[in-house]
Amino acid sequence: MTPEQRDVWLEHRKTIVISQIAPTLLLITTVALLQFGLAETALAVRVATAGILLASGILGALVQFQSATEAQALAASSPDALRDWMWVVKYVTPTVFVVIYAALMVALFG
């Protein structure tokens, strides 16, 4: 991998990490707010919470998937095992978000 390709690879990696920050913070905040009665608030507030979490998760997953796909293509000719873990970013991370999101929806509306 050339130094230029390595710089692009590192930029994709940084994008993946940054794209996880907002959804993670929102999930943590929601769990914290559940402890203070979020599940007992008006239906509109709970629906808004669900929408914010969903929008953030979808946008984060799209950015991660795109960056991981581009990073895999960039590393395809590299002898390094750089691309071997991108499937985690593309599939496992969004799956974990969906499971956490579903659990929070049960807590909010169940």
# chains A, B, ... in the order shown; residues from 1 in each chain; ligands from 1
$ residues_around --residues "range 99-104 of chain A" --least-positions-apart "5" --cutoff "8 Å" --atoms "only C-alpha atoms" --output "PyMOL selection string"
chain A and resi 27+30-31+53-54
$ residues_around --residues "range 13-19 of chain A" --least-positions-apart "4" --cutoff "8 Å" --atoms "only C-alpha atoms" --output "count of residues only"
10
$ closest_residue --among "A:Thr93, A:Met1, A:Met86, A:Leu38" --to "Ala50 in chain A" --atoms "only C-alpha atoms"
A:Leu38
$ select_by_dssp --residues "range 3-107 of chain A" --states "alpha helix (DSSP H)" --output "ChimeraX atom specification"
/A:3-35,43-75,86-87,93-107
$ residues_around --residues "Leu33 in chain A" --least-positions-apart "6" --cutoff "12 Å" --atoms "only C-alpha atoms" --output "VMD selection string"
chain A and resid 26 to 27 39 to 41 45 to 46 49 104 107 to 108
$ atom_distance --atom1 "CA of Ala42 in chain A" --atom2 "CA of Gly110 in chain A"
13.8 Å
